[in-house]
$ cat target-v8.pdb   # PDB, C-alpha atoms and all ligand atoms
ATOM      1  CA  MET A   1      96.168 155.668  39.097  1.00  0.00           C
ATOM      2  CA  SER A   2      96.455 154.294  35.555  1.00  0.00           C
ATOM      3  CA  TYR A   3      94.712 155.326  32.368  1.00  0.00           C
ATOM      4  CA  PHE A   4      93.839 153.627  29.120  1.00  0.00           C
ATOM      5  CA  ILE A   5      93.759 155.594  25.862  1.00  0.00           C
ATOM      6  CA  SER A   6      93.057 154.164  22.411  1.00  0.00           C
ATOM      7  CA  PHE A   7      93.590 155.496  18.902  1.00  0.00           C
ATOM      8  CA  GLU A   8      91.247 154.554  16.099  1.00  0.00           C
ATOM      9  CA  GLY A   9      90.706 155.439  12.463  1.00  0.00           C
ATOM     10  CA  GLY A  10      90.942 154.219   8.913  1.00  0.00           C
ATOM     11  CA  GLU A  11      94.063 153.310   6.984  1.00  0.00           C
ATOM     12  CA  GLY A  12      96.829 155.922   6.884  1.00  0.00           C
ATOM     13  CA  THR A  13      95.187 158.392   9.251  1.00  0.00           C
ATOM     14  CA  GLY A  14      98.401 158.884  11.229  1.00  0.00           C
ATOM     15  CA  LYS A  15      97.636 156.969  14.435  1.00  0.00           C
ATOM     16  CA  SER A  16     101.166 155.643  14.893  1.00  0.00           C
ATOM     17  CA  THR A  17     102.750 159.089  14.388  1.00  0.00           C
ATOM     18  CA  GLN A  18     100.415 160.632  16.952  1.00  0.00           C
ATOM     19  CA  ILE A  19     101.038 157.829  19.437  1.00  0.00           C
ATOM     20  CA  LYS A  20     104.790 158.407  19.157  1.00  0.00           C
ATOM     21  CA  ILE A  21     104.434 162.162  19.700  1.00  0.00           C
ATOM     22  CA  LEU A  22     102.087 161.611  22.634  1.00  0.00           C
ATOM     23  CA  LYS A  23     104.410 159.143  24.323  1.00  0.00           C
ATOM     24  CA  GLU A  24     107.331 161.590  24.105  1.00  0.00           C
ATOM     25  CA  ARG A  25     105.199 164.398  25.503  1.00  0.00           C
ATOM     26  CA  ILE A  26     103.992 162.305  28.430  1.00  0.00           C
ATOM     27  CA  CYS A  27     107.525 161.144  29.247  1.00  0.00           C
ATOM     28  CA  LYS A  28     108.923 164.686  29.092  1.00  0.00           C
ATOM     29  CA  THR A  29     106.265 166.389  31.173  1.00  0.00           C
ATOM     30  CA  SER A  30     105.114 163.926  33.811  1.00  0.00           C
ATOM     31  CA  ASN A  31     105.905 161.014  36.060  1.00  0.00           C
ATOM     32  CA  TYR A  32     103.671 158.678  34.099  1.00  0.00           C
ATOM     33  CA  GLN A  33     105.182 155.662  32.365  1.00  0.00           C
ATOM     34  CA  CYS A  34     103.759 154.821  28.937  1.00  0.00           C
ATOM     35  CA  LEU A  35     102.953 151.417  27.587  1.00  0.00           C
ATOM     36  CA  ILE A  36     102.164 151.237  23.887  1.00  0.00           C
ATOM     37  CA  ILE A  37     100.176 148.261  22.689  1.00  0.00           C
ATOM     38  CA  GLN A  38      99.235 147.309  19.181  1.00  0.00           C
ATOM     39  CA  GLU A  39      96.253 145.338  17.915  1.00  0.00           C
ATOM     40  CA  PRO A  40      96.448 142.678  16.786  1.00  0.00           C
ATOM     41  CA  GLY A  41      99.758 141.962  18.473  1.00  0.00           C
ATOM     42  CA  THR A  42     101.743 142.648  21.639  1.00  0.00           C
ATOM     43  CA  THR A  43     101.338 139.117  23.007  1.00  0.00           C
ATOM     44  CA  ASN A  44     102.842 135.919  21.682  1.00  0.00           C
ATOM     45  CA  LEU A  45      99.521 134.714  20.285  1.00  0.00           C
ATOM     46  CA  GLY A  46      98.627 138.233  19.084  1.00  0.00           C
ATOM     47  CA  ASP A  47     101.850 138.542  17.058  1.00  0.00           C
ATOM     48  CA  LYS A  48     101.197 135.200  15.400  1.00  0.00           C
ATOM     49  CA  LEU A  49      97.601 136.120  14.586  1.00  0.00           C
ATOM     50  CA  ARG A  50      98.732 139.517  13.260  1.00  0.00           C
ATOM     51  CA  VAL A  51     100.837 137.858  10.578  1.00  0.00           C
ATOM     52  CA  LEU A  52      97.934 135.647   9.615  1.00  0.00           C
ATOM     53  CA  LEU A  53      95.306 138.384   9.661  1.00  0.00           C
ATOM     54  CA  LYS A  54      97.285 140.944   7.690  1.00  0.00           C
ATOM     55  CA  LYS A  55      98.638 138.639   5.018  1.00  0.00           C
ATOM     56  CA  GLU A  56      97.462 139.033   1.465  1.00  0.00           C
ATOM     57  CA  THR A  57      95.445 135.903   1.008  1.00  0.00           C
ATOM     58  CA  SER A  58      94.912 134.119  -2.270  1.00  0.00           C
ATOM     59  CA  PRO A  59      91.270 133.002  -2.724  1.00  0.00           C
ATOM     60  CA  ASP A  60      92.051 129.385  -1.830  1.00  0.00           C
ATOM     61  CA  HIS A  61      93.758 130.431   1.406  1.00  0.00           C
ATOM     62  CA  SER A  62      91.251 133.045   2.479  1.00  0.00           C
ATOM     63  CA  ILE A  63      89.427 132.783   5.791  1.00  0.00           C
ATOM     64  CA  THR A  64      85.747 133.521   6.366  1.00  0.00           C
ATOM     65  CA  TYR A  65      84.768 136.895   7.810  1.00  0.00           C
ATOM     66  CA  LEU A  66      83.437 135.184  10.930  1.00  0.00           C
ATOM     67  CA  SER A  67      86.778 133.408  11.486  1.00  0.00           C
ATOM     68  CA  GLU A  68      88.528 136.752  10.983  1.00  0.00           C
ATOM     69  CA  LEU A  69      86.297 138.322  13.657  1.00  0.00           C
ATOM     70  CA  LEU A  70      86.994 135.497  16.087  1.00  0.00           C
ATOM     71  CA  LEU A  71      90.751 135.650  15.506  1.00  0.00           C
ATOM     72  CA  PHE A  72      90.899 139.419  16.115  1.00  0.00           C
ATOM     73  CA  SER A  73      88.840 138.798  19.244  1.00  0.00           C
ATOM     74  CA  ALA A  74      91.082 135.966  20.446  1.00  0.00           C
ATOM     75  CA  ALA A  75      94.086 138.278  20.085  1.00  0.00           C
ATOM     76  CA  ARG A  76      92.233 140.941  22.066  1.00  0.00           C
ATOM     77  CA  SER A  77      91.196 138.638  24.877  1.00  0.00           C
ATOM     78  CA  GLU A  78      94.805 137.510  25.257  1.00  0.00           C
ATOM     79  CA  LEU A  79      95.983 141.117  25.302  1.00  0.00           C
ATOM     80  CA  VAL A  80      93.427 142.170  27.904  1.00  0.00           C
ATOM     81  CA  THR A  81      94.197 139.279  30.240  1.00  0.00           C
ATOM     82  CA  LYS A  82      97.971 139.275  29.929  1.00  0.00           C
ATOM     83  CA  VAL A  83      98.813 142.940  29.380  1.00  0.00           C
ATOM     84  CA  ILE A  84      96.004 145.460  29.882  1.00  0.00           C
ATOM     85  CA  LYS A  85      94.471 144.192  33.131  1.00  0.00           C
ATOM     86  CA  PRO A  86      97.734 143.670  35.048  1.00  0.00           C
ATOM     87  CA  ASN A  87      99.138 147.008  33.893  1.00  0.00           C
ATOM     88  CA  LEU A  88      96.019 148.937  34.821  1.00  0.00           C
ATOM     89  CA  GLU A  89      96.706 147.875  38.390  1.00  0.00           C
ATOM     90  CA  LYS A  90     100.070 149.648  38.398  1.00  0.00           C
ATOM     91  CA  PRO A  91     100.281 153.258  39.560  1.00  0.00           C
ATOM     92  CA  ASN A  92     101.170 156.148  37.229  1.00  0.00           C
ATOM     93  CA  LEU A  93     100.870 154.292  33.974  1.00  0.00           C
ATOM     94  CA  ILE A  94      99.204 155.296  30.727  1.00  0.00           C
ATOM     95  CA  ILE A  95      98.395 152.515  28.283  1.00  0.00           C
ATOM     96  CA  ILE A  96      98.152 153.752  24.707  1.00  0.00           C
ATOM     97  CA  ALA A  97      96.512 151.347  22.276  1.00  0.00           C
ATOM     98  CA  ASP A  98      97.043 151.495  18.532  1.00  0.00           C
ATOM     99  CA  ARG A  99      93.514 150.211  17.754  1.00  0.00           C
ATOM    100  CA  TYR A 100      91.196 148.360  20.110  1.00  0.00           C
ATOM    101  CA  VAL A 101      87.604 147.163  20.192  1.00  0.00           C
ATOM    102  CA  ASP A 102      86.154 149.940  17.979  1.00  0.00           C
ATOM    103  CA  SER A 103      88.262 148.604  15.088  1.00  0.00           C
ATOM    104  CA  THR A 104      86.294 145.369  15.236  1.00  0.00           C
ATOM    105  CA  THR A 105      82.937 147.146  15.152  1.00  0.00           C
ATOM    106  CA  ALA A 106      84.061 149.412  12.299  1.00  0.00           C
ATOM    107  CA  TYR A 107      85.976 146.856  10.165  1.00  0.00           C
ATOM    108  CA  GLN A 108      84.184 143.563  10.823  1.00  0.00           C
ATOM    109  CA  GLY A 109      80.761 145.060  11.613  1.00  0.00           C
ATOM    110  CA  PHE A 110      80.445 147.857   9.064  1.00  0.00           C
ATOM    111  CA  GLY A 111      83.252 146.982   6.610  1.00  0.00           C
ATOM    112  CA  ARG A 112      82.542 143.240   6.414  1.00  0.00           C
ATOM    113  CA  LYS A 113      78.841 143.680   7.237  1.00  0.00           C
ATOM    114  CA  LEU A 114      78.775 141.008   9.934  1.00  0.00           C
ATOM    115  CA  GLU A 115      75.803 141.003  12.314  1.00  0.00           C
ATOM    116  CA  LEU A 116      76.272 143.960  14.690  1.00  0.00           C
ATOM    117  CA  ASN A 117      74.490 142.245  17.591  1.00  0.00           C
ATOM    118  CA  GLN A 118      76.923 139.338  17.384  1.00  0.00           C
ATOM    119  CA  ILE A 119      79.883 141.721  17.220  1.00  0.00           C
ATOM    120  CA  GLU A 120      78.641 143.559  20.294  1.00  0.00           C
ATOM    121  CA  LEU A 121      78.436 140.310  22.249  1.00  0.00           C
ATOM    122  CA  ILE A 122      81.836 139.054  21.082  1.00  0.00           C
ATOM    123  CA  ASN A 123      83.368 142.465  21.848  1.00  0.00           C
ATOM    124  CA  LYS A 124      82.035 142.271  25.404  1.00  0.00           C
ATOM    125  CA  ILE A 125      83.592 138.843  25.845  1.00  0.00           C
ATOM    126  CA  ALA A 126      86.935 139.730  24.242  1.00  0.00           C
ATOM    127  CA  THR A 127      87.416 143.018  26.116  1.00  0.00           C
ATOM    128  CA  HIS A 128      86.348 141.499  29.444  1.00  0.00           C
ATOM    129  CA  MET A 129      84.287 144.732  29.563  1.00  0.00           C
ATOM    130  CA  ILE A 130      87.436 146.838  29.822  1.00  0.00           C
ATOM    131  CA  TYR A 131      87.023 149.985  27.735  1.00  0.00           C
ATOM    132  CA  PRO A 132      89.381 152.923  27.252  1.00  0.00           C
ATOM    133  CA  ASP A 133      89.011 156.078  29.329  1.00  0.00           C
ATOM    134  CA  LEU A 134      89.547 158.081  26.172  1.00  0.00           C
ATOM    135  CA  THR A 135      89.516 157.198  22.472  1.00  0.00           C
ATOM    136  CA  PHE A 136      90.822 159.428  19.701  1.00  0.00           C
ATOM    137  CA  LEU A 137      89.182 158.868  16.343  1.00  0.00           C
ATOM    138  CA  LEU A 138      91.426 160.199  13.589  1.00  0.00           C
ATOM    139  CA  ASP A 139      88.840 160.809  10.931  1.00  0.00           C
ATOM    140  CA  SER A 140      89.285 161.315   7.215  1.00  0.00           C
ATOM    141  CA  ASP A 141      87.635 160.626   3.914  1.00  0.00           C
ATOM    142  CA  PRO A 142      89.296 157.363   2.770  1.00  0.00           C
ATOM    143  CA  GLU A 143      89.833 158.735  -0.755  1.00  0.00           C
ATOM    144  CA  VAL A 144      92.062 161.481   0.638  1.00  0.00           C
ATOM    145  CA  MET A 145      94.012 158.992   2.746  1.00  0.00           C
ATOM    146  CA  PHE A 146      94.583 156.523  -0.060  1.00  0.00           C
ATOM    147  CA  GLN A 147      95.802 159.305  -2.303  1.00  0.00           C
ATOM    148  CA  ARG A 148      98.339 160.080   0.412  1.00  0.00           C
ATOM    149  CA  ILE A 149      99.385 156.428   0.779  1.00  0.00           C
ATOM    150  CA  ILE A 150      99.860 156.130  -2.972  1.00  0.00           C
ATOM    151  CA  SER A 151     101.948 159.320  -3.172  1.00  0.00           C
ATOM    152  CA  LYS A 152     104.126 158.030  -0.344  1.00  0.00           C
ATOM    153  CA  SER A 153     104.663 154.730  -2.119  1.00  0.00           C
ATOM    154  CA  GLU A 154     106.379 156.627  -4.990  1.00  0.00           C
ATOM    155  CA  THR A 155     104.428 154.919  -7.714  1.00  0.00           C
ATOM    156  CA  ASN A 156     103.178 156.892 -10.674  1.00  0.00           C
ATOM    157  CA  LEU A 157      99.761 158.095  -9.761  1.00  0.00           C
ATOM    158  CA  PRO A 158      96.981 156.617 -11.845  1.00  0.00           C
ATOM    159  CA  SER A 159      94.500 159.267 -12.936  1.00  0.00           C
ATOM    160  CA  ASN A 160      91.436 157.074 -12.251  1.00  0.00           C
ATOM    161  CA  LEU A 161      92.321 156.568  -8.608  1.00  0.00           C
ATOM    162  CA  ASN A 162      89.026 154.986  -7.506  1.00  0.00           C
ATOM    163  CA  THR A 163      89.118 151.918  -9.664  1.00  0.00           C
ATOM    164  CA  ARG A 164      92.816 151.295  -9.850  1.00  0.00           C
ATOM    165  CA  MET A 165      94.127 152.368  -6.490  1.00  0.00           C
ATOM    166  CA  ARG A 166      94.286 148.905  -4.960  1.00  0.00           C
ATOM    167  CA  LYS A 167      96.531 147.496  -7.610  1.00  0.00           C
ATOM    168  CA  ASP A 168      98.808 150.514  -7.636  1.00  0.00           C
ATOM    169  CA  ILE A 169      99.803 150.702  -4.015  1.00  0.00           C
ATOM    170  CA  LYS A 170     103.184 149.078  -3.558  1.00  0.00           C
ATOM    171  CA  GLY A 171     103.368 146.494  -0.826  1.00  0.00           C
ATOM    172  CA  THR A 172      99.645 146.522  -0.190  1.00  0.00           C
ATOM    173  CA  ARG A 173      98.203 144.543   2.686  1.00  0.00           C
ATOM    174  CA  LYS A 174      94.960 142.706   3.071  1.00  0.00           C
ATOM    175  CA  PHE A 175      92.754 145.530   4.352  1.00  0.00           C
ATOM    176  CA  GLU A 176      94.295 148.207   2.155  1.00  0.00           C
ATOM    177  CA  GLU A 177      93.379 146.053  -0.800  1.00  0.00           C
ATOM    178  CA  GLU A 178      89.692 146.267  -0.038  1.00  0.00           C
ATOM    179  CA  PRO A 179      87.679 148.523  -2.367  1.00  0.00           C
ATOM    180  CA  ILE A 180      87.093 152.130  -1.429  1.00  0.00           C
ATOM    181  CA  GLU A 181      83.442 151.311  -0.558  1.00  0.00           C
ATOM    182  CA  PHE A 182      84.715 149.040   2.230  1.00  0.00           C
ATOM    183  CA  HIS A 183      86.748 151.893   3.709  1.00  0.00           C
ATOM    184  CA  LYS A 184      83.811 154.271   3.391  1.00  0.00           C
ATOM    185  CA  ARG A 185      81.680 151.823   5.375  1.00  0.00           C
ATOM    186  CA  VAL A 186      84.439 151.592   7.999  1.00  0.00           C
ATOM    187  CA  ARG A 187      84.374 155.378   8.322  1.00  0.00           C
ATOM    188  CA  THR A 188      80.575 155.384   8.625  1.00  0.00           C
ATOM    189  CA  GLY A 189      80.942 152.735  11.341  1.00  0.00           C
ATOM    190  CA  TYR A 190      83.396 154.840  13.313  1.00  0.00           C
ATOM    191  CA  LEU A 191      81.101 157.871  13.083  1.00  0.00           C
ATOM    192  CA  LYS A 192      78.196 155.769  14.395  1.00  0.00           C
ATOM    193  CA  ILE A 193      80.337 154.547  17.323  1.00  0.00           C
ATOM    194  CA  LEU A 194      81.237 158.188  18.008  1.00  0.00           C
ATOM    195  CA  LYS A 195      77.544 159.056  18.376  1.00  0.00           C
ATOM    196  CA  SER A 196      76.911 156.270  20.867  1.00  0.00           C
ATOM    197  CA  SER A 197      80.202 156.637  22.788  1.00  0.00           C
ATOM    198  CA  SER A 198      80.647 160.402  22.903  1.00  0.00           C
ATOM    199  CA  GLU A 199      81.547 160.221  26.614  1.00  0.00           C
ATOM    200  CA  ARG A 200      84.897 158.586  25.782  1.00  0.00           C
ATOM    201  CA  MET A 201      85.437 159.207  22.053  1.00  0.00           C
ATOM    202  CA  VAL A 202      86.796 162.391  20.504  1.00  0.00           C
ATOM    203  CA  LYS A 203      86.873 162.958  16.741  1.00  0.00           C
ATOM    204  CA  ILE A 204      89.847 164.736  15.239  1.00  0.00           C
ATOM    205  CA  ASN A 205      90.150 165.764  11.614  1.00  0.00           C
ATOM    206  CA  ALA A 206      93.131 163.727  10.380  1.00  0.00           C
ATOM    207  CA  ASN A 207      93.715 165.995   7.383  1.00  0.00           C
ATOM    208  CA  GLN A 208      95.308 168.723   9.479  1.00  0.00           C
ATOM    209  CA  ASP A 209      98.979 169.362  10.129  1.00  0.00           C
ATOM    210  CA  LYS A 210     100.367 166.706  12.512  1.00  0.00           C
ATOM    211  CA  GLY A 211     101.456 169.429  14.978  1.00  0.00           C
ATOM    212  CA  ILE A 212      97.918 170.772  15.179  1.00  0.00           C
ATOM    213  CA  ILE A 213      96.544 167.252  15.680  1.00  0.00           C
ATOM    214  CA  SER A 214      99.021 166.470  18.447  1.00  0.00           C
ATOM    215  CA  ASP A 215      98.165 169.752  20.230  1.00  0.00           C
ATOM    216  CA  LEU A 216      94.444 168.937  20.103  1.00  0.00           C
ATOM    217  CA  ILE A 217      95.145 165.479  21.539  1.00  0.00           C
ATOM    218  CA  TRP A 218      97.349 166.922  24.270  1.00  0.00           C
ATOM    219  CA  GLN A 219      94.729 169.496  25.274  1.00  0.00           C
ATOM    220  CA  LYS A 220      92.103 166.792  25.683  1.00  0.00           C
ATOM    221  CA  ILE A 221      94.442 164.523  27.630  1.00  0.00           C
ATOM    222  CA  ARG A 222      95.459 167.291  30.007  1.00  0.00           C
ATOM    223  CA  ASN A 223      91.800 167.961  30.716  1.00  0.00           C
ATOM    224  CA  ASN A 224      91.221 164.310  31.566  1.00  0.00           C
ATOM    225  CA  ILE A 225      94.380 163.091  33.265  1.00  0.00           C
ATOM    226  CA  PRO A 226      95.691 164.847  36.366  1.00  0.00           C
ATOM    227  CA  ASN A 227      99.316 165.908  36.921  1.00  0.00           C
ATOM    228  CA  LEU A 228     100.234 166.585  33.296  1.00  0.00           C
ATOM    229  CA  LYS A 229     101.814 169.967  32.554  1.00  0.00           C
TER     230      LYS A 229
HETATM  231  P1  LIG B 301      97.858 147.813  11.047  1.00  0.00           P
HETATM  232  O1  LIG B 301      99.137 147.644  10.352  1.00  0.00           O
HETATM  233  O2  LIG B 301      97.885 147.948  12.529  1.00  0.00           O
HETATM  234  O3  LIG B 301      97.065 148.957  10.352  1.00  0.00           O
HETATM  235  P2  LIG B 301      97.026 150.463  10.698  1.00  0.00           P
HETATM  236  O4  LIG B 301      98.431 150.957  10.549  1.00  0.00           O
HETATM  237  O5  LIG B 301      96.064 151.036   9.689  1.00  0.00           O
HETATM  238  O6  LIG B 301      96.498 150.532  12.100  1.00  0.00           O
HETATM  239  O7  LIG B 301      96.909 146.618  10.619  1.00  0.00           O
HETATM  240  C1  LIG B 301      95.806 146.267  11.296  1.00  0.00           C
HETATM  241  C2  LIG B 301      94.702 146.035  10.293  1.00  0.00           C
HETATM  242  O8  LIG B 301      93.731 145.196  10.876  1.00  0.00           O
HETATM  243  C3  LIG B 301      94.007 147.318   9.892  1.00  0.00           C
HETATM  244  O9  LIG B 301      93.782 147.337   8.503  1.00  0.00           O
HETATM  245  C4  LIG B 301      92.673 147.249  10.605  1.00  0.00           C
HETATM  246  C5  LIG B 301      92.448 145.781  10.800  1.00  0.00           C
HETATM  247  N1  LIG B 301      91.705 145.426  12.023  1.00  0.00           N
HETATM  248  C6  LIG B 301      90.436 144.853  11.906  1.00  0.00           C
HETATM  249  O10 LIG B 301      89.938 144.647  10.792  1.00  0.00           O
HETATM  250  N2  LIG B 301      89.770 144.499  13.040  1.00  0.00           N
HETATM  251  C7  LIG B 301      90.296 144.687  14.286  1.00  0.00           C
HETATM  252  O11 LIG B 301      89.646 144.339  15.304  1.00  0.00           O
HETATM  253  C8  LIG B 301      91.604 145.270  14.389  1.00  0.00           C
HETATM  254  C9  LIG B 301      92.227 145.491  15.736  1.00  0.00           C
HETATM  255  C10 LIG B 301      92.264 145.626  13.245  1.00  0.00           C
END

$ encode --input "target-v8.pdb" --output "structure tokens"
Amino acid sequence: MSYFISFEGGEGTGKSTQIKILKERICKTSNYQCLIIQEPGTTNLGDKLRVLLKKETSPDHSITYLSELLLFSAARSELVTKVIKPNLEKPNLIIIADRYVDSTTAYQGFGRKLELNQIELINKIATHMIYPDLTFLLDSDPEVMFQRIISKSETNLPSNLNTRMRKDIKGTRKFEEEPIEFHKRVRTGYLKILKSSSERMVKINANQDKGIISDLIWQKIRNNIPNLK
């Protein structure tokens, strides 16, 4: 039997680190193979769209929020058809997704304020109604996370973080450049999804030590997936 796990959360909440730790743990302690997928990406089309969707865009090259939604969804549909579906048919495999459909609801629905009914419909089409067995939401106040990202980038910390943070992060990307209010809406979105999807979604406080977070994730996975030590 195969399983599908996704990781969600705002910028800098440590999803990739936790995915790496989880993969090593699964490989060491079981006969399951792991397949890590990244959104947008993993397929030929997805990789191309990733570059486009993450690029800093000057105003004259920007795309509309609706186009952005459709491009993320096109990448997802491709990923589901070419990677997720065929792999879910293999035995003893765990697919671990670095973001999936909840990112669209949180970022395009709540962050960009696109019509939630439309997002729900497009999400159904793009996922082909394939949802994860388990989703970990790494949750944090975006102000705390951005402070961490800025410290990591080795720039001199501005004292008025709220208003200047975007400009002061080295190598910023499109979504990180959005104002803090955008990221707060994204967090609110995730917490709303949590309420309506509590059967598959687990919230974890991302401000804890990474060892504690990985143990919490492992505990939950062992309770849900058989034959893990
Ligand atoms: P990525 O480098 O994967 O960010 P992170 O390390 O935070 O996961 O970049 C993906 C960006 O795209 C991220 O800022 C969230 C955004 N995104 C959406 O807005 N909608 C989506 O449907 C997905 C999958 C991602």

$ resolve_selection --input "target-v8.pdb" --expression "the PyMOL selection byres (((chain A and resi 216) around 12) and not hetatm)" --output "ChimeraX atom specification"
/A:18,22,136-138,202-206,208-215,217-223

$ atom_distance --input "target-v8.pdb" --atom1 "atom CA of Asn31 of chain A" --atom2 "atom CA of Asn224 of chain A"
15.7 Å

$ resolve_selection --input "target-v8.pdb" --expression "the PyMOL selection byres (((not hetatm)) within 9 of (chain B and resi 301))" --output "count of residues only"
41

$ resolve_selection --input "target-v8.pdb" --expression "the PyMOL selection byres (((chain A and resi 189) around 8) and not hetatm)" --output "mmCIF file with C-alpha atoms, keeping the file's coordinate frame"
data_model
loop_
_atom_site.group_PDB
_atom_site.id
_atom_site.type_symbol
_atom_site.label_atom_id
_atom_site.label_comp_id
_atom_site.auth_asym_id
_atom_site.auth_seq_id
_atom_site.Cartn_x
_atom_site.Cartn_y
_atom_site.Cartn_z
ATOM 1 C CA THR A 105 82.937 147.146 15.152
ATOM 2 C CA ALA A 106 84.061 149.412 12.299
ATOM 3 C CA TYR A 107 85.976 146.856 10.165
ATOM 4 C CA GLY A 109 80.761 145.060 11.613
ATOM 5 C CA PHE A 110 80.445 147.857 9.064
ATOM 6 C CA GLY A 111 83.252 146.982 6.610
ATOM 7 C CA ARG A 185 81.680 151.823 5.375
ATOM 8 C CA VAL A 186 84.439 151.592 7.999
ATOM 9 C CA ARG A 187 84.374 155.378 8.322
ATOM 10 C CA THR A 188 80.575 155.384 8.625
ATOM 11 C CA TYR A 190 83.396 154.840 13.313
ATOM 12 C CA LEU A 191 81.101 157.871 13.083
ATOM 13 C CA LYS A 192 78.196 155.769 14.395
ATOM 14 C CA ILE A 193 80.337 154.547 17.323
#

$ atom_distance --input "target-v8.pdb" --atom1 "atom CA of Thr43 of chain A" --atom2 "atom CA of Leu79 of chain A"
6.2 Å

$ closest_residue --input "target-v8.pdb" --among "A:Ser67, A:Asn207, A:Asn227, A:Ser6" --to "Tyr131 of chain A" --atoms "all atoms listed in the file"
A:Ser6

$ axis_aligned_box --input "target-v8.pdb" --around "segment 125-137 of chain A" --padding-each-side "5 Å" --output "JSON"
{"center_x": 87.2, "center_y": 149.1, "center_z": 23.1, "size_x": 17.2, "size_y": 30.6, "size_z": 23.5}

$ closest_residue --input "target-v8.pdb" --among "A:Glu89, A:Lys55, A:Ala126, A:Ile94" --to "Leu35 of chain A" --atoms "only C-alpha atoms"
A:Ile94

$ atom_distance --input "target-v8.pdb" --atom1 "atom CA of Lys229 of chain A" --atom2 "atom CA of Thr29 of chain A"
5.9 Å
